[in-house]
Amino acid sequence: MGTTLQYKVAHLSFRISFADGKNDKSMLPSFPPFETEVDDQPVLFTLTVDDSALPPHKGREIGQFDTGASNNGVYITDDGGYQILVSDVCNAKCCLIQANSDFSVGTVALRGNRDMRQFGLNNAIMMMYAFASADKDTLLMHASVIRHAGIGYLFLGVSGTGKSTHTANWLKYIDGTDLMNDDNPVVRVVDGKAVVYGSPWSGKTPCYRNIEAPIGGFVQLKQAPYNKISRMSVIETFASLLPSCSVMKWDRRDYIGVCDTVNRVMQLTKTFFLENLPDEEAVQLSFNTLTSGQKS
Amino acid sequence: MNLQTQNIKPMKIKDGFELRNICGENIIVSHGIENIDFVKVISLNESAALVWNNVVGKDFTIDDMVSALMSEYDVDADTAKGDCQTLIDDWKRIGFLD
């Protein structure tokens with residue numbers, strides 16, 4: 001006897017069905033703030049968790065993609081759908097996702113011990129969400145997000161550039177600041193405004209908040225032996241924002257959807273380049289620049 | 001291959017490269033399995049974008065590019081041809097052309 005749960009992240013609902021008793025909602029500890037009543041309305045996607053869902057074949061291999069935390073082997077099946085085989089950091093296969101071409105319907109089979117299965121399931125839901133929402137004015141971004149005076153500020157950079165350090169310093173030095181998300185916020189264009197949302201995905205920092213704020217700006221971070229901030233050009237901003245989004249480059253629907261949403265977000269926001277030290281001066285520089293932009 | 005056949009051999013912009021207007025800039029985005037490793041962000045100026053839009057998705061020669069350019073810009077044929085050859089060299093170097 002299976003159970004079905006419904007969640008809403010950034011105003012987009014999805015349903016997770018556990019087909020058997022081997023897996024349950026306790027494997028989704030970051031999701032309770034996002035749980036809603038199950039209804040019969042259309043949803044972004046449905047994902048069935050069924051360990052017996054074994055694929056007939058892999059199809060054509062697209063490639064192996066290392067995300068730092070996992071490796072994803074991606075295959076396109078003959079009917080245009082997808083299979084994604086997720087391996088954890090120890091290279092143990094823990095999750096096989098089968099989805100249709102627009103990721104509106106998927107099944108996931110989990111393998112291994114509880115940690116592996118939990119890791120696999122959370123990854124599967126994150127991918128389903130990112131790929132199903134790509135043509136719905138929605139971006140799943142890699143960023144650390146600070147909120148100040150009701151406005152959200154997103155800090156970008158590849159892992160290890162000091163996003164979390166910089167936002168931690170905002171919390172330390174700027175009154176009235178809180179952390180919205182530390183790894184994977186959702187960004188949407190809603191009623192002509194760019195809005196950032198907390199999500200059930202936040203990397204190593206447990207920060208799973210069902211909150212939203214209009215976007216006050218983006219900051220691309222780079223470590224330097226000094227502090228300097230400058231406005232980025234359109235081309236620089238595009239080259240900064242696009243690689244910060246979860247996107248399947250080989251899939252036109254997904255890729256063009258993300259490009260067009262990035263374009264709309266860029267029309268509505270400003271992006272800065274901050275070369276910085278991990279200190280208070282860097283935070284004051286970024287705070288003053290971002291908030292003065294708000295007042296003008 | 002002799003020079004003559006090289007000159008008339010039609011060119012084609014590879015599948016997966018698309019011109020998008022991003023906040024007023026003409027930016028080429030790339031998708032598709034064959035472009036997975038293409039990570040550059042390339043922008044075109046107005047005249048290069050005009051040429052691109054006239055030849056994308058079909059076989060074309062330098063003469064097609066020249067007539068596209070001359071239909072919109074007040075430029076003589078020799079200058080247009082020289083500019084288009086430069087554009088072809090750039091596009092080949094970047095990897096846009098088959």
# chains A, B, ... in the order shown; residues from 1 in each chain; ligands from 1

call {"tool": "residues_around", "arguments": {"residues": "region 47-49 of chain A", "least_positions_apart": "3", "cutoff": "9 Å", "atoms": "only C-alpha atoms", "output": "PDB file with N, CA and C atoms, in the first residue's frame"}}
result
ATOM      1  N   THR A   4       1.144   8.894  -0.800  1.00  0.00           N
ATOM      2  CA  THR A   4       1.474  10.019  -1.664  1.00  0.00           C
ATOM      3  C   THR A   4       1.558  11.296  -0.840  1.00  0.00           C
ATOM      4  N   PHE A  14       4.496  19.586  -6.467  1.00  0.00           N
ATOM      5  CA  PHE A  14       4.834  18.283  -7.030  1.00  0.00           C
ATOM      6  C   PHE A  14       4.443  17.197  -6.041  1.00  0.00           C
ATOM      7  N   ARG A  15       4.227  15.990  -6.586  1.00  0.00           N
ATOM      8  CA  ARG A  15       3.806  14.872  -5.746  1.00  0.00           C
ATOM      9  C   ARG A  15       4.851  13.764  -5.749  1.00  0.00           C
ATOM     10  N   ILE A  16       5.079  13.204  -4.562  1.00  0.00           N
ATOM     11  CA  ILE A  16       5.989  12.073  -4.400  1.00  0.00           C
ATOM     12  C   ILE A  16       5.159  10.897  -3.900  1.00  0.00           C
ATOM     13  N   SER A  17       5.208   9.766  -4.618  1.00  0.00           N
ATOM     14  CA  SER A  17       4.480   8.568  -4.197  1.00  0.00           C
ATOM     15  C   SER A  17       5.467   7.477  -3.813  1.00  0.00           C
ATOM     16  N   PHE A  18       5.304   6.961  -2.599  1.00  0.00           N
ATOM     17  CA  PHE A  18       6.117   5.828  -2.164  1.00  0.00           C
ATOM     18  C   PHE A  18       5.336   4.560  -2.465  1.00  0.00           C
ATOM     19  N   ALA A  19       5.854   3.748  -3.402  1.00  0.00           N
ATOM     20  CA  ALA A  19       5.101   2.601  -3.899  1.00  0.00           C
ATOM     21  C   ALA A  19       5.110   1.428  -2.921  1.00  0.00           C
ATOM     22  N   ASP A  20       6.154   1.361  -2.104  1.00  0.00           N
ATOM     23  CA  ASP A  20       6.227   0.241  -1.169  1.00  0.00           C
ATOM     24  C   ASP A  20       6.657   0.763   0.196  1.00  0.00           C
ATOM     25  N   ASN A  23      10.643   2.673   1.553  1.00  0.00           N
ATOM     26  CA  ASN A  23      11.050   4.082   1.598  1.00  0.00           C
ATOM     27  C   ASN A  23       9.881   4.911   2.107  1.00  0.00           C
ATOM     28  N   ASP A  24      10.168   6.002   2.826  1.00  0.00           N
ATOM     29  CA  ASP A  24       9.082   6.846   3.312  1.00  0.00           C
ATOM     30  C   ASP A  24       9.555   8.280   3.514  1.00  0.00           C
ATOM     31  N   ALA A  53      11.538  -0.728  -9.773  1.00  0.00           N
ATOM     32  CA  ALA A  53      11.438  -0.151 -11.125  1.00  0.00           C
ATOM     33  C   ALA A  53      12.765  -0.298 -11.852  1.00  0.00           C
ATOM     34  N   ALA A  99      12.566   9.156 -16.426  1.00  0.00           N
ATOM     35  CA  ALA A  99      11.620  10.259 -16.584  1.00  0.00           C
ATOM     36  C   ALA A  99      11.229  10.408 -18.045  1.00  0.00           C
ATOM     37  N   SER A 104       7.941  15.599 -16.443  1.00  0.00           N
ATOM     38  CA  SER A 104       6.682  15.779 -15.715  1.00  0.00           C
ATOM     39  C   SER A 104       6.282  14.498 -14.989  1.00  0.00           C
ATOM     40  N   VAL A 105       6.806  13.356 -15.447  1.00  0.00           N
ATOM     41  CA  VAL A 105       6.508  12.079 -14.796  1.00  0.00           C
ATOM     42  C   VAL A 105       7.809  11.299 -14.641  1.00  0.00           C
ATOM     43  N   GLY A 106       8.074  10.835 -13.435  1.00  0.00           N
ATOM     44  CA  GLY A 106       9.299  10.082 -13.217  1.00  0.00           C
ATOM     45  C   GLY A 106       9.125   8.964 -12.214  1.00  0.00           C
ATOM     46  N   THR A 107      10.056   8.009 -12.283  1.00  0.00           N
ATOM     47  CA  THR A 107      10.120   6.923 -11.307  1.00  0.00           C
ATOM     48  C   THR A 107      11.559   6.839 -10.840  1.00  0.00           C
ATOM     49  N   VAL A 108      11.749   6.571  -9.554  1.00  0.00           N
ATOM     50  CA  VAL A 108      13.107   6.436  -9.068  1.00  0.00           C
ATOM     51  C   VAL A 108      13.237   5.146  -8.258  1.00  0.00           C
ATOM     52  N   ALA A 109      14.304   4.401  -8.537  1.00  0.00           N
ATOM     53  CA  ALA A 109      14.635   3.203  -7.764  1.00  0.00           C
ATOM     54  C   ALA A 109      15.892   3.506  -6.967  1.00  0.00           C
ATOM     55  N   LEU A 110      15.875   3.159  -5.673  1.00  0.00           N
ATOM     56  CA  LEU A 110      17.000   3.478  -4.799  1.00  0.00           C
ATOM     57  C   LEU A 110      17.757   2.216  -4.419  1.00  0.00           C
ATOM     58  N   LEU A 121      17.470   9.916  -3.319  1.00  0.00           N
ATOM     59  CA  LEU A 121      16.099  10.427  -3.452  1.00  0.00           C
ATOM     60  C   LEU A 121      16.081  11.954  -3.492  1.00  0.00           C
ATOM     61  N   ALA A 124      17.239  13.070  -6.814  1.00  0.00           N
ATOM     62  CA  ALA A 124      16.239  12.798  -7.850  1.00  0.00           C
ATOM     63  C   ALA A 124      15.165  13.886  -7.845  1.00  0.00           C
ATOM     64  N   ILE A 125      14.710  14.269  -6.668  1.00  0.00           N
ATOM     65  CA  ILE A 125      13.651  15.287  -6.593  1.00  0.00           C
ATOM     66  C   ILE A 125      14.182  16.633  -7.088  1.00  0.00           C
ATOM     67  N   MET A 128      14.364  16.459 -10.903  1.00  0.00           N
ATOM     68  CA  MET A 128      13.016  16.511 -11.472  1.00  0.00           C
ATOM     69  C   MET A 128      12.494  17.947 -11.425  1.00  0.00           C
TER      70      MET A 128
END

call {"tool": "closest_atom_pairs", "arguments": {"of": "chain B", "to": "chain A", "cutoff": "9 Å", "atoms": "only C-alpha atoms", "output": "JSON lines"}}
result
{"residue": "B:Gly16", "atom": "CA", "partner": "A:Arg252", "partner_atom": "CA", "distance": 8.1}
{"residue": "B:Arg20", "atom": "CA", "partner": "A:Asp260", "partner_atom": "CA", "distance": 8.4}
{"residue": "B:Asn21", "atom": "CA", "partner": "A:Asn263", "partner_atom": "CA", "distance": 8.2}
{"residue": "B:Ile22", "atom": "CA", "partner": "A:Asn263", "partner_atom": "CA", "distance": 5.3}
{"residue": "B:Cys23", "atom": "CA", "partner": "A:Gln267", "partner_atom": "CA", "distance": 6.2}
{"residue": "B:Gly24", "atom": "CA", "partner": "A:Val234", "partner_atom": "CA", "distance": 8.4}
{"residue": "B:Glu25", "atom": "CA", "partner": "A:Val234", "partner_atom": "CA", "distance": 7.2}
{"residue": "B:Ile27", "atom": "CA", "partner": "A:Ile235", "partner_atom": "CA", "distance": 7.9}
{"residue": "B:Val29", "atom": "CA", "partner": "A:Cys259", "partner_atom": "CA", "distance": 8.1}
{"residue": "B:Ser30", "atom": "CA", "partner": "A:Lys249", "partner_atom": "CA", "distance": 7.7}
{"residue": "B:His31", "atom": "CA", "partner": "A:Lys249", "partner_atom": "CA", "distance": 5.0}
{"residue": "B:Gly32", "atom": "CA", "partner": "A:Trp250", "partner_atom": "CA", "distance": 3.8}
{"residue": "B:Ile33", "atom": "CA", "partner": "A:Trp250", "partner_atom": "CA", "distance": 4.7}
{"residue": "B:Glu34", "atom": "CA", "partner": "A:Trp250", "partner_atom": "CA", "distance": 8.0}
{"residue": "B:Asn35", "atom": "CA", "partner": "A:Trp250", "partner_atom": "CA", "distance": 7.6}
{"residue": "B:Ile36", "atom": "CA", "partner": "A:Lys249", "partner_atom": "CA", "distance": 6.3}
{"residue": "B:Lys40", "atom": "CA", "partner": "A:Ala239", "partner_atom": "CA", "distance": 8.2}
{"residue": "B:Val41", "atom": "CA", "partner": "A:Ala239", "partner_atom": "CA", "distance": 6.3}
{"residue": "B:Ile42", "atom": "CA", "partner": "A:Ile235", "partner_atom": "CA", "distance": 8.3}
{"residue": "B:Ser43", "atom": "CA", "partner": "A:Ile235", "partner_atom": "CA", "distance": 7.5}

call {"tool": "closest_residue", "arguments": {"among": "A:Met116, A:Leu156, A:Val195, A:Leu274", "to": "Pro214 (chain A)", "atoms": "only C-alpha atoms"}}
result
A:Val195

call {"tool": "select_by_dssp", "arguments": {"residues": "region 12-198 of chain A", "states": "strand (DSSP E or B)", "output": "VMD selection string"}}
result
chain A and resid 12 to 18 35 to 36 45 to 49 60 to 66 71 to 76 82 to 87 93 to 99 105 to 110 138 to 141 144 to 148 151 to 156 177 to 181 186 to 190 193 to 197

call {"tool": "atom_distance", "arguments": {"atom1": "CA of Leu96 (chain A)", "atom2": "CA of Met27 (chain A)"}}
result
16.3 Å

call {"tool": "residues_around", "arguments": {"residues": "region 50-52 of chain B", "least_positions_apart": "3", "cutoff": "6 Å", "atoms": "only C-alpha atoms", "output": "PyMOL selection string"}}
result
chain B and resi 47+55-56+65+68

call {"tool": "write_last_selection", "arguments": {"atoms": "N, CA and C atoms", "output": "compact mmCIF listing (two decimals), in the first residue's frame"}}
result
# COMPACT_ATOMS: atom_id res chain seq x y z
N SER B 47 25.82 44.04 -37.36
CA SER B 47 25.94 43.58 -38.75
C SER B 47 26.22 42.08 -38.83
N VAL B 55 21.69 33.51 -42.80
CA VAL B 55 22.29 32.27 -43.29
C VAL B 55 22.08 31.08 -42.35
N VAL B 56 21.59 31.32 -41.13
CA VAL B 56 21.46 30.22 -40.17
C VAL B 56 20.45 29.19 -40.66
N MET B 65 26.26 35.92 -47.79
CA MET B 65 26.57 36.82 -46.68
C MET B 65 26.73 38.25 -47.18
N ALA B 68 23.40 39.83 -48.01
CA ALA B 68 22.67 40.19 -46.78
C ALA B 68 23.20 41.50 -46.22

call {"tool": "atom_distance", "arguments": {"atom1": "CA of Lys22 (chain A)", "atom2": "CA of Gly2 (chain A)"}}
result
10.2 Å
